[in-house]
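First the structure, in the form of structure tokens, and then the observations on it.
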Amino acid sequence: MAMIAAMKKLDLSRVLPAFPRLGSAPGNVIALGQLSPARYVSATAGATFPATKEPGGTGVVEIFGLKDYEDYRRSLYGGITHRALLVDAVGTLVVPSQPMAQIYRQIGEKYGVEYSEDEILLRYRMAYEKPWGRSRLRYVNDGRPFWQFIVSSSTGCSDSQYFEEVYNYYTTEKAWHLCDPDAERVFKALKRAGVKLAVVSNFDTRLKPVLRALNCEHWFDAVAVSAEVEAEKPNPTIFLKACELLGVKPEDAVHVGDDRRNDIWGARDAGCDAWLWGSDVHSFKEVANRMGVQM
């Protein structure tokens, strides 16, 4: 108890800002904002270690506790834990309104596609997981070459009209809907509280038209799209670009996404906090409350 009391007298402004990148190996990133008091995570390997095994001594989170850390962040930013919220697009902000295989099958019937939805899904997954040899990026500009490969591999149909019909369908509001019907109300509350908002997504240049079609592009102060940034998650470059567009430092931001590798590890390697959608948080209201903005 004496040691804890003594530690609380330390100038936390000199100590805590260094914590998000503790560890002896490059890439070991500790995002304290979302962890339990007794553990931290290596973003590189995905392994967990007791906080008491932290290189150099007792774990910081264990000493101060998660509540102390969040209280410290609120003291920095006037009652909120972060100055910026970064949000993944597909799987977090928006989801397809119908299964992909169903759409490929429905549109493809008039072009002679005979595969079942199960077969299309299997072939899609196999094609998507193959290395994309034409570029280090899958989504370059409008992403057409990549998606032509995916659609033809999934369905066995290389008809250009078929491809264009599928491709254009996914630019419309019919193809997508918002994950959280409360999103608009929550994002407005976050902006009133002074939080800056950005979308960070592995997507081609259709993303902004999609957001406009869903009438939600204006909710955000910036949109960082991999096809424009020329970096795909988990590359930290795309998160750093989003922070640059918002005018905040990475340590001022928290990213929310549904993919552990792309969203969580990538954001932490950039120096941001990160919360896993569907695990750490389940709604944007929960995100706001965790950031110190009560709904």
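So you can find residues: chains in the structure tokens are A, B, ... in the order shown, residues in each start at 1, and ligands are numbered from 1 in order.
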All residues 12 Å or closer to Glu228 in chain A, only C-alpha atoms, same chain fewer than 2 positions away omitted, as a VMD selection string: chain A and resid 137 to 143 200 to 208 223 to 226 230 to 232 237 to 238 241 to 242
Quick check for you: according to DSSP on this backbone, which residues of range 40-274 of chain A are classed as strand (DSSP E)? Reply as a VMD selection string. chain A and resid 40 to 41 48 to 50 84 to 87 94 to 96 176 to 178 196 to 201 222 to 225 253 to 257 273 to 274
Can you tell me which residues surround Ile107 in chain A at a distance of at most 9 Å, considering only C-alpha atoms, apart from same-chain residues fewer than 6 positions away, and format the answer as a PyMOL selection string? chain A and resi 113+162+165-166
Within 9 Å of Ser116 in chain A using only C-alpha atoms, minus same-chain residues under 4 positions, as a PyMOL selection string: chain A and resi 101-102+105+120-121
Between CA of Trp132 in chain A and CA of Lys233 in chain A, distance in Å (one decimal): 15.3 Å
Atomic separation - CA of Leu93 in chain A relative to CA of Met291 in chain A, Å: 17.6 Å
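Close contacts of Met100 in chain A, defined as residues with an atom at most 12 Å away when counting only C-alpha atoms, with chain neighbours fewer than 6 positions off set aside, comprise Gln106, Ile107, Gly108, Glu117, Asp118, Glu119, Ile120, Leu121, Leu122, Arg123, Tyr124, Arg125, Ile150, Val151, Ser154, Thr155, Val166, Tyr167, Tyr169, Tyr170, Ala175 and Trp176 of chain A.
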Could those residues be written to a file, using N, CA and C atoms, as a compact mmCIF listing (two decimals), in the first residue's frame?
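Just written: selection09.txt:
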# COMPACT_ATOMS: atom_id res chain seq x y z
N GLN A 106 -27.95 -14.12 -57.74
CA GLN A 106 -29.16 -13.51 -58.29
C GLN A 106 -28.86 -12.74 -59.57
N ILE A 107 -27.83 -11.89 -59.52
CA ILE A 107 -27.48 -11.11 -60.71
C ILE A 107 -26.93 -12.03 -61.80
N GLY A 108 -26.23 -13.08 -61.39
CA GLY A 108 -25.57 -13.95 -62.35
C GLY A 108 -26.47 -14.91 -63.10
N GLU A 117 -25.06 -20.90 -54.02
CA GLU A 117 -24.52 -19.86 -53.13
C GLU A 117 -23.38 -20.41 -52.27
N ASP A 118 -23.50 -21.65 -51.83
CA ASP A 118 -22.43 -22.25 -51.04
C ASP A 118 -21.15 -22.38 -51.86
N GLU A 119 -21.29 -22.79 -53.12
CA GLU A 119 -20.11 -22.91 -53.98
C GLU A 119 -19.48 -21.55 -54.26
N ILE A 120 -20.33 -20.54 -54.49
CA ILE A 120 -19.82 -19.19 -54.74
C ILE A 120 -19.06 -18.68 -53.52
N LEU A 121 -19.61 -18.91 -52.34
CA LEU A 121 -18.96 -18.44 -51.12
C LEU A 121 -17.60 -19.12 -50.94
N LEU A 122 -17.54 -20.42 -51.16
CA LEU A 122 -16.29 -21.15 -51.03
C LEU A 122 -15.25 -20.63 -52.02
N ARG A 123 -15.65 -20.45 -53.27
CA ARG A 123 -14.72 -19.98 -54.30
C ARG A 123 -14.30 -18.53 -54.02
N TYR A 124 -15.21 -17.73 -53.50
CA TYR A 124 -14.89 -16.34 -53.13
C TYR A 124 -13.79 -16.32 -52.07
N ARG A 125 -13.96 -17.13 -51.04
CA ARG A 125 -12.98 -17.15 -49.96
C ARG A 125 -11.61 -17.61 -50.46
N ILE A 150 -12.00 -11.39 -58.48
CA ILE A 150 -12.81 -12.02 -57.43
C ILE A 150 -14.14 -12.51 -57.99
N VAL A 151 -14.82 -11.66 -58.76
CA VAL A 151 -16.15 -12.02 -59.26
C VAL A 151 -16.05 -13.20 -60.23
N SER A 154 -15.17 -16.41 -58.36
CA SER A 154 -16.26 -16.87 -57.49
C SER A 154 -17.37 -17.54 -58.27
N THR A 155 -17.62 -17.06 -59.50
CA THR A 155 -18.81 -17.49 -60.24
C THR A 155 -18.51 -18.26 -61.52
N VAL A 166 -22.65 -6.19 -61.00
CA VAL A 166 -22.30 -6.51 -59.60
C VAL A 166 -21.54 -5.36 -58.96
N TYR A 167 -20.55 -4.85 -59.67
CA TYR A 167 -19.70 -3.78 -59.15
C TYR A 167 -20.52 -2.54 -58.81
N TYR A 169 -23.74 -2.36 -58.24
CA TYR A 169 -24.71 -2.62 -57.17
C TYR A 169 -24.13 -2.22 -55.82
N TYR A 170 -22.84 -2.48 -55.63
CA TYR A 170 -22.22 -2.21 -54.33
C TYR A 170 -21.83 -0.75 -54.12
N ALA A 175 -27.31 -1.93 -51.24
CA ALA A 175 -26.33 -2.96 -50.93
C ALA A 175 -25.89 -2.95 -49.47
N TRP A 176 -26.11 -1.83 -48.77
CA TRP A 176 -25.54 -1.66 -47.44
C TRP A 176 -26.58 -1.11 -46.45
Counting only C-alpha atoms, give me one row per residue of range 185-255 of chain A with an atom at most 7 Å from an atom of range 262-268 of chain A, showing the shortest contact pair and its distance in Å to one decimal, sorted by chain then residue number, as CSV.
residue,atom,partner,partner_atom,distance
A:Lys233,CA,A:Asn262,CA,4.9
A:Pro234,CA,A:Gly266,CA,4.0
A:Asn235,CA,A:Gly266,CA,5.9
A:Pro236,CA,A:Gly266,CA,5.4
A:Phe239,CA,A:Ala267,CA,6.2
A:His255,CA,A:Ala267,CA,6.5
May I have the selected residues written with all heavy atoms, as a PDB file, in the first residue's frame?
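Listing of selection_30.pdb after writing:
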ATOM      1  N   LYS A 233      -4.729  -1.588 -43.934  1.00  0.00           N
ATOM      2  CA  LYS A 233      -4.628  -2.143 -42.588  1.00  0.00           C
ATOM      3  C   LYS A 233      -4.185  -3.597 -42.681  1.00  0.00           C
ATOM      4  O   LYS A 233      -4.637  -4.303 -43.588  1.00  0.00           O
ATOM      5  CB  LYS A 233      -5.998  -2.052 -41.876  1.00  0.00           C
ATOM      6  CG  LYS A 233      -6.506  -0.645 -41.663  1.00  0.00           C
ATOM      7  CD  LYS A 233      -7.832  -0.610 -40.915  1.00  0.00           C
ATOM      8  CE  LYS A 233      -8.990  -1.154 -41.717  1.00  0.00           C
ATOM      9  NZ  LYS A 233     -10.290  -1.008 -41.022  1.00  0.00           N
ATOM     10  N   PRO A 234      -3.300  -4.057 -41.815  1.00  0.00           N
ATOM     11  CA  PRO A 234      -2.856  -3.471 -40.547  1.00  0.00           C
ATOM     12  C   PRO A 234      -1.668  -2.513 -40.647  1.00  0.00           C
ATOM     13  O   PRO A 234      -1.097  -2.170 -39.609  1.00  0.00           O
ATOM     14  CB  PRO A 234      -2.468  -4.702 -39.732  1.00  0.00           C
ATOM     15  CG  PRO A 234      -1.951  -5.659 -40.748  1.00  0.00           C
ATOM     16  CD  PRO A 234      -2.817  -5.456 -41.955  1.00  0.00           C
ATOM     17  N   ASN A 235      -1.270  -2.117 -41.849  1.00  0.00           N
ATOM     18  CA  ASN A 235      -0.186  -1.140 -41.982  1.00  0.00           C
ATOM     19  C   ASN A 235      -0.541   0.111 -41.176  1.00  0.00           C
ATOM     20  O   ASN A 235      -1.584   0.731 -41.412  1.00  0.00           O
ATOM     21  CB  ASN A 235      -0.014  -0.779 -43.464  1.00  0.00           C
ATOM     22  CG  ASN A 235       1.207   0.084 -43.722  1.00  0.00           C
ATOM     23  OD1 ASN A 235       1.606   0.877 -42.885  1.00  0.00           O
ATOM     24  ND2 ASN A 235       1.785  -0.052 -44.905  1.00  0.00           N
ATOM     25  N   PRO A 236       0.299   0.505 -40.220  1.00  0.00           N
ATOM     26  CA  PRO A 236      -0.038   1.662 -39.387  1.00  0.00           C
ATOM     27  C   PRO A 236      -0.143   2.967 -40.157  1.00  0.00           C
ATOM     28  O   PRO A 236      -0.725   3.936 -39.660  1.00  0.00           O
ATOM     29  CB  PRO A 236       1.107   1.716 -38.359  1.00  0.00           C
ATOM     30  CG  PRO A 236       2.218   0.929 -38.951  1.00  0.00           C
ATOM     31  CD  PRO A 236       1.577  -0.125 -39.805  1.00  0.00           C
ATOM     32  N   PHE A 239      -3.626   4.509 -40.354  1.00  0.00           N
ATOM     33  CA  PHE A 239      -4.092   5.108 -39.098  1.00  0.00           C
ATOM     34  C   PHE A 239      -3.398   6.454 -38.858  1.00  0.00           C
ATOM     35  O   PHE A 239      -4.025   7.413 -38.398  1.00  0.00           O
ATOM     36  CB  PHE A 239      -3.826   4.163 -37.933  1.00  0.00           C
ATOM     37  CG  PHE A 239      -4.543   2.849 -38.035  1.00  0.00           C
ATOM     38  CD1 PHE A 239      -3.911   1.714 -38.527  1.00  0.00           C
ATOM     39  CD2 PHE A 239      -5.872   2.734 -37.651  1.00  0.00           C
ATOM     40  CE1 PHE A 239      -4.564   0.507 -38.637  1.00  0.00           C
ATOM     41  CE2 PHE A 239      -6.544   1.529 -37.751  1.00  0.00           C
ATOM     42  CZ  PHE A 239      -5.886   0.411 -38.249  1.00  0.00           C
ATOM     43  N   HIS A 255      -9.322   3.611 -31.988  1.00  0.00           N
ATOM     44  CA  HIS A 255      -9.915   3.025 -33.192  1.00  0.00           C
ATOM     45  C   HIS A 255     -10.834   1.885 -32.795  1.00  0.00           C
ATOM     46  O   HIS A 255     -10.516   1.082 -31.917  1.00  0.00           O
ATOM     47  CB  HIS A 255      -8.819   2.500 -34.115  1.00  0.00           C
ATOM     48  CG  HIS A 255      -9.345   1.799 -35.338  1.00  0.00           C
ATOM     49  ND1 HIS A 255      -9.975   2.473 -36.368  1.00  0.00           N
ATOM     50  CD2 HIS A 255      -9.353   0.483 -35.689  1.00  0.00           C
ATOM     51  CE1 HIS A 255     -10.334   1.603 -37.294  1.00  0.00           C
ATOM     52  NE2 HIS A 255      -9.977   0.389 -36.913  1.00  0.00           N
TER      53      HIS A 255
END
Exercise: Ala222 in chain A partners within 9 Å, only C-alpha atoms, chain neighbours under 2 positions left out, as a list in words: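 Close residues of Ala222 in chain A: Lys196, Leu197, Ala198, Val199, Val200, Glu217, Phe220, Ala224, Ala242, Leu245 and Leu246 of chain A.
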Any idea what's packed within 10 Å of Ile80 in chain A, counting only C-alpha atoms, ignoring anything in its chain fewer than 4 positions away? Could you give it as a PyMOL selection string? chain A and resi 70-76+84+190+193-195+288-293
Suppose we keep C-alpha atoms; can you now write the selection as an mmCIF file, in the first residue's frame?
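Saved result, out12.cif, follows:
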data_model
loop_
_atom_site.group_PDB
_atom_site.id
_atom_site.type_symbol
_atom_site.label_atom_id
_atom_site.label_comp_id
_atom_site.auth_asym_id
_atom_site.auth_seq_id
_atom_site.Cartn_x
_atom_site.Cartn_y
_atom_site.Cartn_z
ATOM 1 C CA GLU A 70 -9.029 6.391 -17.735
ATOM 2 C CA ASP A 71 -9.392 9.078 -15.065
ATOM 3 C CA TYR A 72 -5.949 10.339 -16.058
ATOM 4 C CA ARG A 73 -6.964 10.538 -19.709
ATOM 5 C CA ARG A 74 -10.137 12.427 -18.802
ATOM 6 C CA SER A 75 -8.057 14.923 -16.859
ATOM 7 C CA LEU A 76 -5.998 15.540 -20.011
ATOM 8 C CA ALA A 84 -10.587 11.385 -31.781
ATOM 9 C CA LEU A 190 -19.398 12.876 -29.682
ATOM 10 C CA ALA A 193 -18.223 16.849 -26.825
ATOM 11 C CA GLY A 194 -15.284 17.879 -29.017
ATOM 12 C CA VAL A 195 -14.377 14.435 -30.391
ATOM 13 C CA ALA A 288 -19.343 6.979 -26.368
ATOM 14 C CA ASN A 289 -19.928 6.024 -22.727
ATOM 15 C CA ARG A 290 -16.491 4.461 -22.541
ATOM 16 C CA MET A 291 -15.007 7.667 -23.932
ATOM 17 C CA GLY A 292 -16.706 9.645 -21.188
ATOM 18 C CA VAL A 293 -19.653 10.940 -23.236
#
What gap, in Å, lies between CA of Asp180 in chain A and CA of Thr81 in chain A?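 Atom-to-atom, CA of Asp180 in chain A to CA of Thr81 in chain A, that is 22.0 Å.
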So which one's closest to Asp221 in chain A, A:Asp280, A:Leu85, A:Arg144, A:Tyr77? Using only C-alpha atoms, please.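 Among the listed residues, A:Leu85 lies closest to Asp221 in chain A.
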